[in-house]
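Chemist: Data: upload-v4.txt, compact mmCIF, C-alpha atoms and all ligand atoms.
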# COMPACT_ATOMS: atom_id res chain seq x y z
CA MET A 1 -36.64 -83.64 -2.90
CA THR A 2 -33.73 -84.94 -0.85
CA ILE A 3 -32.99 -88.56 0.03
CA ARG A 4 -34.29 -87.80 3.52
CA ASP A 5 -37.63 -86.57 2.15
CA MET A 6 -37.84 -89.69 0.05
CA ILE A 7 -37.23 -92.00 3.02
CA ASP A 8 -40.05 -90.23 4.91
CA LYS A 9 -42.53 -90.57 2.09
CA LEU A 10 -41.65 -93.85 0.50
CA ASP A 11 -41.56 -96.40 3.28
CA CYS A 12 -37.94 -97.47 2.91
CA SER A 13 -35.09 -97.80 5.35
CA LEU A 14 -31.44 -96.86 5.44
CA ALA A 15 -29.09 -99.84 4.99
CA ALA A 16 -25.83 -97.94 4.47
CA GLY A 17 -25.00 -94.27 4.76
CA THR A 18 -24.91 -91.53 7.37
CA GLU A 19 -27.39 -88.80 8.32
CA GLU A 20 -25.46 -86.06 6.57
CA MET A 21 -25.43 -87.97 3.28
CA LEU A 22 -29.21 -87.76 3.14
CA ASP A 23 -29.31 -84.06 2.24
CA GLN A 24 -28.50 -84.83 -1.37
CA GLU A 25 -31.09 -83.75 -3.93
CA ILE A 26 -32.65 -86.42 -6.12
CA THR A 27 -32.49 -85.67 -9.82
CA GLY A 28 -34.44 -88.63 -11.17
CA VAL A 29 -35.07 -92.34 -10.96
CA TYR A 30 -33.83 -95.27 -13.01
CA CYS A 31 -34.68 -98.91 -12.68
CA CYS A 32 -32.86 -101.78 -14.39
CA ASP A 33 -30.96 -104.86 -13.28
CA LEU A 34 -28.73 -105.17 -16.30
CA LEU A 35 -25.53 -103.52 -15.19
CA SER A 36 -24.48 -102.33 -18.66
CA HIS A 37 -27.77 -100.48 -19.01
CA ALA A 38 -27.51 -98.98 -15.54
CA MET A 39 -23.93 -97.89 -16.14
CA ALA A 40 -24.90 -96.11 -19.35
CA LYS A 41 -28.22 -94.64 -18.24
CA LEU A 42 -27.74 -93.54 -14.62
CA ASP A 43 -27.22 -89.81 -14.15
CA PRO A 44 -25.67 -88.13 -11.13
CA GLY A 45 -28.21 -87.71 -8.33
CA ASN A 46 -30.49 -90.49 -9.59
CA VAL A 47 -32.11 -93.11 -7.41
CA TRP A 48 -31.17 -96.52 -8.80
CA ILE A 49 -33.74 -99.19 -8.09
CA THR A 50 -32.41 -102.73 -8.39
CA ILE A 51 -32.68 -106.20 -6.91
CA HIS A 52 -28.96 -106.86 -7.20
CA THR A 53 -27.00 -106.61 -3.99
CA ASN A 54 -23.53 -107.67 -5.11
CA LEU A 55 -20.36 -105.58 -4.96
CA ASN A 56 -20.71 -104.42 -8.57
CA VAL A 57 -23.76 -102.39 -7.60
CA VAL A 58 -21.59 -100.23 -5.37
CA ALA A 59 -18.92 -99.91 -8.08
CA ILE A 60 -21.52 -98.65 -10.57
CA ALA A 61 -23.29 -96.41 -8.06
CA SER A 62 -19.97 -94.82 -7.20
CA LEU A 63 -18.90 -94.43 -10.84
CA THR A 64 -22.17 -92.81 -11.84
CA ASN A 65 -22.51 -90.64 -8.72
CA VAL A 66 -26.07 -91.67 -8.02
CA ALA A 67 -27.84 -90.23 -4.97
CA CYS A 68 -28.57 -93.72 -3.68
CA VAL A 69 -29.23 -97.35 -4.49
CA LEU A 70 -32.71 -98.55 -3.56
CA VAL A 71 -32.97 -102.32 -3.16
CA ALA A 72 -36.48 -103.60 -3.80
CA GLU A 73 -38.44 -106.49 -2.29
CA SER A 74 -36.44 -106.43 0.95
CA ILE A 75 -33.82 -108.57 -0.70
CA GLU A 76 -31.08 -109.26 1.77
CA ILE A 77 -28.06 -107.13 1.02
CA GLU A 78 -24.70 -108.87 1.06
CA GLU A 79 -22.58 -107.89 4.05
CA GLN A 80 -19.54 -107.08 1.92
CA THR A 81 -21.69 -104.83 -0.25
CA LEU A 82 -22.82 -102.78 2.75
CA ALA A 83 -19.24 -102.50 3.98
CA ARG A 84 -18.09 -101.36 0.56
CA ALA A 85 -20.96 -98.87 0.31
CA VAL A 86 -19.85 -97.26 3.57
CA GLU A 87 -16.27 -97.15 2.33
CA LYS A 88 -17.29 -95.59 -1.02
CA GLN A 89 -19.87 -93.29 0.56
CA VAL A 90 -22.75 -94.76 -1.37
CA VAL A 91 -26.17 -94.53 0.28
CA VAL A 92 -28.09 -97.82 0.17
CA LEU A 93 -31.79 -98.04 1.01
CA SER A 94 -34.09 -101.02 1.27
CA SER A 95 -37.83 -101.38 0.74
CA ALA A 96 -40.34 -104.21 0.82
CA LYS A 97 -42.07 -102.87 -2.29
CA THR A 98 -41.40 -104.13 -5.80
CA ALA A 99 -39.24 -102.24 -8.27
CA ALA A 100 -42.37 -101.33 -10.26
CA GLU A 101 -44.17 -99.92 -7.21
CA LEU A 102 -41.11 -97.97 -6.15
CA SER A 103 -40.57 -96.56 -9.64
CA PHE A 104 -44.19 -95.43 -9.87
CA GLU A 105 -44.26 -93.86 -6.42
CA LEU A 106 -40.95 -92.13 -6.90
CA PHE A 107 -42.03 -90.70 -10.23
CA CYS A 108 -45.18 -89.33 -8.62
CA LEU A 109 -43.19 -87.80 -5.75
CA LEU A 110 -40.69 -86.22 -8.13
CA ARG A 111 -43.48 -84.79 -10.32
CA LYS A 112 -45.15 -83.30 -7.27
CA ALA A 113 -41.88 -81.81 -6.05
CA GLU A 114 -41.24 -80.10 -9.40
CA MET B 115 -2.40 -79.87 -18.31
CA GLY B 116 0.89 -79.44 -20.15
CA GLN B 117 2.38 -82.78 -19.29
CA MET B 118 0.95 -86.15 -20.15
CA ILE B 119 -0.37 -88.08 -17.18
CA ILE B 120 0.18 -91.83 -17.28
CA ARG B 121 -1.42 -94.43 -15.05
CA ASP B 122 -1.20 -98.21 -15.00
CA PHE B 123 -3.54 -100.65 -13.28
CA ASP B 124 -3.76 -104.38 -12.74
CA ILE B 125 -7.13 -105.97 -13.42
CA PRO B 126 -7.36 -109.27 -11.54
CA ALA B 127 -9.37 -112.11 -13.07
CA ASN B 128 -12.83 -112.88 -11.69
CA ASP B 129 -12.28 -110.63 -8.70
CA PHE B 130 -15.36 -108.49 -8.23
CA SER B 131 -14.04 -106.94 -5.04
CA VAL B 132 -11.81 -104.69 -7.16
CA ALA B 133 -13.62 -104.73 -10.50
CA GLY B 134 -14.20 -101.13 -11.51
CA GLU B 135 -11.44 -99.71 -9.32
CA ALA B 136 -9.28 -98.67 -12.27
CA SER B 137 -12.23 -96.87 -13.89
CA SER B 138 -13.15 -95.27 -10.61
CA THR B 139 -9.62 -93.97 -10.05
CA VAL B 140 -9.50 -92.53 -13.57
CA ARG B 141 -12.89 -90.89 -13.16
CA LYS B 142 -11.73 -89.16 -9.96
CA LEU B 143 -8.53 -88.04 -11.64
CA LEU B 144 -10.39 -86.53 -14.60
CA SER B 145 -12.72 -84.75 -12.27
CA GLN B 146 -9.75 -83.28 -10.35
CA LEU B 147 -8.31 -82.15 -13.67
CA GLY B 148 -11.51 -80.28 -14.43
CA VAL B 149 -12.52 -82.31 -17.48
CA ALA B 150 -16.14 -81.68 -18.62
CA PRO B 151 -18.65 -83.96 -16.81
CA ASP B 152 -20.05 -85.26 -20.08
CA ARG B 153 -16.56 -86.39 -21.19
CA ILE B 154 -15.91 -87.98 -17.80
CA LYS B 155 -19.17 -89.88 -18.06
CA ARG B 156 -18.30 -91.21 -21.51
CA THR B 157 -14.83 -92.23 -20.32
CA ALA B 158 -16.20 -93.97 -17.22
CA ILE B 159 -18.79 -95.97 -19.17
CA ALA B 160 -16.33 -97.07 -21.86
CA MET B 161 -13.51 -97.90 -19.47
CA TYR B 162 -15.73 -99.73 -17.00
CA GLU B 163 -17.15 -101.98 -19.71
CA ALA B 164 -13.68 -102.81 -21.04
CA GLU B 165 -12.39 -103.40 -17.53
CA ILE B 166 -15.29 -105.74 -16.74
CA ASN B 167 -14.74 -107.61 -20.00
CA ALA B 168 -11.13 -108.21 -19.00
CA VAL B 169 -12.33 -109.49 -15.62
CA ILE B 170 -15.08 -111.81 -16.84
CA HIS B 171 -13.93 -112.83 -20.33
CA GLY B 172 -10.20 -112.16 -20.48
CA ARG B 173 -8.89 -113.85 -17.30
CA GLY B 174 -7.83 -110.44 -16.00
CA GLY B 175 -5.38 -108.02 -17.53
CA LYS B 176 -3.98 -104.53 -17.38
CA ALA B 177 -5.07 -100.97 -18.01
CA HIS B 178 -2.72 -98.34 -19.37
CA VAL B 179 -4.08 -94.80 -19.38
CA GLU B 180 -2.64 -91.67 -20.97
CA ILE B 181 -4.23 -88.30 -20.35
CA SER B 182 -3.14 -85.26 -22.30
CA GLY B 183 -4.65 -81.80 -22.63
CA ASP B 184 -7.15 -82.75 -25.27
CA LYS B 185 -7.89 -86.46 -24.83
CA ILE B 186 -7.62 -89.66 -22.85
CA ILE B 187 -6.38 -92.91 -24.35
CA ILE B 188 -7.19 -96.10 -22.45
CA GLU B 189 -5.65 -99.41 -23.36
CA ILE B 190 -7.11 -102.49 -21.69
CA SER B 191 -5.21 -105.64 -22.48
CA ASP B 192 -5.54 -109.25 -21.45
CA GLU B 193 -4.02 -112.59 -22.34
CA GLY B 194 -7.31 -114.44 -22.32
CA PRO B 195 -9.05 -116.53 -24.96
CA GLY B 196 -9.47 -113.67 -27.44
CA ILE B 197 -12.53 -112.78 -29.49
CA GLU B 198 -13.03 -115.12 -32.40
CA ASP B 199 -15.70 -113.22 -34.29
CA LEU B 200 -15.38 -109.53 -33.56
CA GLU B 201 -18.31 -108.52 -35.73
CA LEU B 202 -20.56 -110.88 -33.80
CA ALA B 203 -19.18 -109.70 -30.46
CA MET B 204 -19.96 -106.09 -31.37
CA GLN B 205 -23.65 -106.88 -31.87
CA GLU B 206 -26.04 -105.71 -29.18
CA GLY B 207 -27.20 -108.64 -27.08
CA TYR B 208 -24.46 -111.06 -28.06
CA SER B 209 -22.83 -112.55 -24.99
CA THR B 210 -21.00 -115.70 -23.99
CA ALA B 211 -21.23 -114.86 -20.28
CA THR B 212 -21.97 -117.81 -17.99
CA ASP B 213 -25.08 -118.09 -15.82
CA SER B 214 -23.21 -117.14 -12.66
CA ILE B 215 -21.94 -113.99 -14.35
CA ARG B 216 -25.46 -113.18 -15.58
CA GLU B 217 -26.85 -113.61 -12.08
CA MET B 218 -24.67 -110.69 -11.05
CA GLY B 219 -26.22 -108.50 -13.74
CA PHE B 220 -23.53 -108.75 -16.39
CA GLY B 221 -23.83 -110.51 -19.72
CA ALA B 222 -26.37 -108.22 -21.38
CA GLY B 223 -24.15 -108.17 -24.45
CA MET B 224 -24.15 -104.38 -24.32
CA GLY B 225 -20.58 -103.81 -23.21
CA LEU B 226 -18.80 -103.51 -26.55
CA PRO B 227 -21.72 -101.60 -28.17
CA ASN B 228 -21.69 -99.22 -25.18
CA ILE B 229 -17.97 -98.64 -25.58
CA LYS B 230 -18.44 -97.95 -29.28
CA LYS B 231 -21.25 -95.51 -28.55
CA HIS B 232 -19.40 -93.53 -25.89
CA ALA B 233 -15.83 -93.51 -27.20
CA ASP B 234 -14.65 -91.16 -29.93
CA GLU B 235 -12.42 -93.94 -31.17
CA LEU B 236 -12.38 -97.67 -30.50
CA VAL B 237 -9.79 -100.12 -31.75
CA ILE B 238 -9.95 -103.80 -30.81
CA LYS B 239 -7.13 -106.16 -31.57
CA SER B 240 -7.77 -109.74 -30.65
CA GLU B 241 -6.29 -113.08 -31.44
CA LYS B 242 -7.69 -116.46 -30.48
CA ASP B 243 -5.86 -117.95 -27.48
CA LYS B 244 -3.51 -114.94 -27.35
CA GLY B 245 -5.63 -112.19 -25.89
CA THR B 246 -7.37 -108.93 -26.53
CA VAL B 247 -6.31 -105.29 -26.58
CA VAL B 248 -9.07 -102.69 -26.47
CA THR B 249 -8.00 -99.11 -27.11
CA ILE B 250 -10.46 -96.37 -26.30
CA THR B 251 -10.03 -92.67 -27.02
CA VAL B 252 -12.26 -89.96 -25.64
CA ASN B 253 -11.62 -86.40 -26.78
CA PHE B 254 -12.13 -83.61 -24.25
N1 LIG C 1 -11.59 -109.21 -23.32
C1 LIG C 1 -12.32 -110.19 -23.91
N2 LIG C 1 -11.78 -111.42 -24.08
C2 LIG C 1 -12.50 -112.41 -24.66
N3 LIG C 1 -13.75 -112.26 -25.13
C3 LIG C 1 -14.33 -111.05 -24.98
C4 LIG C 1 -13.65 -109.94 -24.39
N4 LIG C 1 -14.46 -108.87 -24.41
C5 LIG C 1 -15.60 -109.29 -24.99
N5 LIG C 1 -15.53 -110.60 -25.36
C6 LIG C 1 -16.57 -111.39 -26.05
O1 LIG C 1 -17.50 -110.51 -26.66
C7 LIG C 1 -18.81 -110.76 -26.13
C8 LIG C 1 -19.61 -109.46 -26.06
O2 LIG C 1 -19.02 -108.57 -25.12
P1 LIG C 1 -19.93 -107.44 -24.44
O3 LIG C 1 -20.60 -106.68 -25.53
O4 LIG C 1 -19.11 -106.68 -23.48
O5 LIG C 1 -21.06 -108.27 -23.71
P2 LIG C 1 -21.01 -109.11 -22.33
O6 LIG C 1 -19.76 -108.72 -21.60
O7 LIG C 1 -22.25 -108.67 -21.63
O8 LIG C 1 -21.02 -110.56 -22.71
C9 LIG C 1 -18.57 -111.41 -24.79
O9 LIG C 1 -19.66 -112.18 -24.34
C10 LIG C 1 -17.34 -112.28 -25.10
O10 LIG C 1 -17.71 -113.44 -25.78
MG MG C 2 -19.11 -106.85 -21.37
For this file, write the structure as structure tokens.

Modeler:
Amino acid sequence: MTIRDMIDKLDCSLAAGTEEMLDQEITGVYCCDLLSHAMAKLDPGNVWITIHTNLNVVAIASLTNVACVLVAESIEIEEQTLARAVEKQVVVLSSAKTAAELSFELFCLLRKAE
Amino acid sequence: MGQMIIRDFDIPANDFSVAGEASSTVRKLLSQLGVAPDRIKRTAIAMYEAEINAVIHGRGGKAHVEISGDKIIIEISDEGPGIEDLELAMQEGYSTATDSIREMGFGAGMGLPNIKKHADELVIKSEKDKGTVVTITVNF
């Protein structure tokens, strides 16, 4: 499943990133708002679900090579974060759903795609 | 990789617009050098945590990085308040981070334990009111 497939199926929208960045394959999903945990646990190609929208999210997403950051609960994403995401080529998505709902739905989608 | 590669970075205090830049630059460099992804990951985790500690606890500092054929040595130093009780600081969950730092997602008290877990060698030298030097080695 690519990021594009996920956007189609999951009811989320693109906040930062370009069309051609959406071809990346998703390798898994991880959800945690403690940045030390995220830094240690995120694998390349993962979707990282979080409610943080500060600059450090982009730093960690870039360092861990995640497929994208998925911000839950439609939390407003800081302008500087979006600008930095574009600069660092980090895809950022937004959804109205909670982190728990998104985790569950993504797990189901990934299982089905296997 | 015959020659040693040396890099130096400034780590500004409380500036989250550049926090993680040193780690990010080193990660890219290691990847260009063809270092194994698992080793790069360990290096990135350990260095990022030490870099962030210098930013949020150490009033900023410096990173000195030496890459040779078989390992990377990272020295993160600051002239901040120092760590009074190192044994306590190494415990999972121990943190003196302020509320505003926690709101950003830091302060889980997992930084030093994470460094210990992912580095092949970790040496911390710290003196109250003088500063802290964290030396991390990851073997390739
Ligand atoms: N460079 C440093 N200078 C001063 N104190 C530090 C430094 N690094 C770590 N500490 C102390 O050790 C504690 C634990 O660090 P760490 O495990 O990284 O957790 P956290 O950064 O989440 O608080 C910190 O809360 C702080 O009190
Ligand atoms: Mg820390």

Chemist: Point out the residue among B:Asn228, B:Gln205, B:Asn167, B:Thr212 with the least atom-to-atom distance to chain A, counting only C-alpha atoms.

Modeler: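 Ranking B:Asn228, B:Gln205, B:Asn167, B:Thr212 by distance to chain A, first place goes to B:Asn228.
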
Chemist: Could the residues that lie within 8 Å of ligand LIG 1 (chain C), counting only C-alpha atoms and all ligand atoms, be listed as an NGL selection string?

Modeler: (:A and (36)) or (:B and (163-164 or 166-173 or 191-192 or 194-198 or 200 or 202-211 or 220-228 or 240 or 245-248))

Chemist: Counting only C-alpha atoms, a student should be able to say which residues of chain A come within 7 Å of chain B; what is the right answer, written as a ChimeraX atom specification?

Modeler: /A:33-36,39-40,52,54-56,59,63

Chemist: Please, what distance in Å, to one decimal, runs between atom CA of Glu114 of chain A and atom CA of Ile26 of chain A?

Modeler: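 Separating atom CA of Glu114 of chain A from atom CA of Ile26 of chain A is a distance of 11.2 Å.
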
Chemist: Looking at B:Lys239, B:Lys230, B:Arg121, B:Lys244, which one is nearest to ligand MG 2 (chain C), with distances taken over all atoms listed in the file?

Modeler: B:Lys230

Chemist: What's the separation between atom CA of Glu235 of chain B and atom CA of Arg153 of chain B, in Å to one decimal place?

Modeler: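 Interatomic distance here is 13.2 Å.
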
Chemist: For Ile181 of chain B, work out the shell of residues within 12 Å, counting all atoms listed in the file and skipping chain neighbours fewer than 5 positions away, then give it as number ranges by chain.

Modeler: B: 115-122, 140-141, 143-144, 147, 149, 154, 157, 186-189, 250-254

Chemist: Env of segment 2-15 of chain A: 6 Å cut, atoms = all atoms listed in the file, seq-sep filter 2 positions within chain, self excluded. Answer as a VMD selection string.

Modeler: chain A and resid 22 to 26 92 to 95

Chemist: Find the spatial neighbours of Val90 of chain A, counting all atoms listed in the file, within a cut-off of 8 Å - ignore same-chain residues fewer than 6 positions away - and output them as a list of chain:residue names.

Modeler: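 My reading of the contact set: A:Ala16, A:Gly17, A:Val58, A:Ala61, A:Ser62, A:Ala67, A:Cys68, A:Val69.
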
Chemist: Which value, in Å to one decimal, gives the distance between atom CA of Arg84 of chain A and atom CA of Thr18 of chain A?

Modeler: 13.8 Å

Chemist: Residues at most 10 Å from Ile75 of chain A, counting only C-alpha atoms, excluding those fewer than 3 positions away in the same chain, as a PDB file with C-alpha atoms, in the frame of the given file?

Modeler:
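Wrote result12.pdb, looks like this:
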ATOM      1  CA  THR A  50     -32.410-102.730  -8.390  1.00  0.00           C
ATOM      2  CA  ILE A  51     -32.680-106.200  -6.910  1.00  0.00           C
ATOM      3  CA  HIS A  52     -28.960-106.860  -7.200  1.00  0.00           C
ATOM      4  CA  THR A  53     -27.000-106.610  -3.990  1.00  0.00           C
ATOM      5  CA  VAL A  71     -32.970-102.320  -3.160  1.00  0.00           C
ATOM      6  CA  ALA A  72     -36.480-103.600  -3.800  1.00  0.00           C
ATOM      7  CA  GLU A  78     -24.700-108.870   1.060  1.00  0.00           C
ATOM      8  CA  SER A  94     -34.090-101.020   1.270  1.00  0.00           C
ATOM      9  CA  SER A  95     -37.830-101.380   0.740  1.00  0.00           C
ATOM     10  CA  ALA A  96     -40.340-104.210   0.820  1.00  0.00           C
TER      11      ALA A  96
END

Chemist: Which residue gives the smallest distance to ligand MG 2 (chain C) among B:Gly148, B:Met161, B:Ala177, B:Leu236, with all atoms listed in the file counted?

Modeler: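 Ranking B:Gly148, B:Met161, B:Ala177, B:Leu236 by distance to ligand MG 2 (chain C), first place goes to B:Met161.
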
Chemist: Using all atoms listed in the file, which of the listed residues (A:His37, A:Thr98, A:Arg111, A:Leu106) sits closest to ligand MG 2 (chain C)?

Modeler: A:His37

Chemist: Which polymer residues, whether protein, DNA or RNA, lie within 8 Å of the coordinate (-6.3, -107.3, -11.4) when you count all atoms listed in the file? List them as a list in words, using the chain letters and numbers from the file.

Modeler: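 Here the neighbourhood of the point contains Phe123, Asp124, Ile125, Pro126, Ala127, Asp129, Val132, Ala133, Val169, Gly174, Gly175 and Lys176 of chain B.
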
Chemist: The selected residues should be written to file as a PDB file, in the coordinates of the input (atoms: C-alpha atoms).

Modeler:
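For reference, selection.pdb as written:
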ATOM      1  CA  PHE B 123      -3.540-100.650 -13.280  1.00  0.00           C
ATOM      2  CA  ASP B 124      -3.760-104.380 -12.740  1.00  0.00           C
ATOM      3  CA  ILE B 125      -7.130-105.970 -13.420  1.00  0.00           C
ATOM      4  CA  PRO B 126      -7.360-109.270 -11.540  1.00  0.00           C
ATOM      5  CA  ALA B 127      -9.370-112.110 -13.070  1.00  0.00           C
ATOM      6  CA  ASP B 129     -12.280-110.630  -8.700  1.00  0.00           C
ATOM      7  CA  VAL B 132     -11.810-104.690  -7.160  1.00  0.00           C
ATOM      8  CA  ALA B 133     -13.620-104.730 -10.500  1.00  0.00           C
ATOM      9  CA  VAL B 169     -12.330-109.490 -15.620  1.00  0.00           C
ATOM     10  CA  GLY B 174      -7.830-110.440 -16.000  1.00  0.00           C
ATOM     11  CA  GLY B 175      -5.380-108.020 -17.530  1.00  0.00           C
ATOM     12  CA  LYS B 176      -3.980-104.530 -17.380  1.00  0.00           C
TER      13      LYS B 176
END

Chemist: Hey, can I get the axis-aligned box for segment 77-91 of chain A? All listed atoms, 3 Å padding on each side, centre and edge lengths in Å to one decimal, as JSON.

Modeler:
{"center_x": -22.2, "center_y": -101.1, "center_z": 1.3, "size_x": 17.8, "size_y": 21.6, "size_z": 11.4}
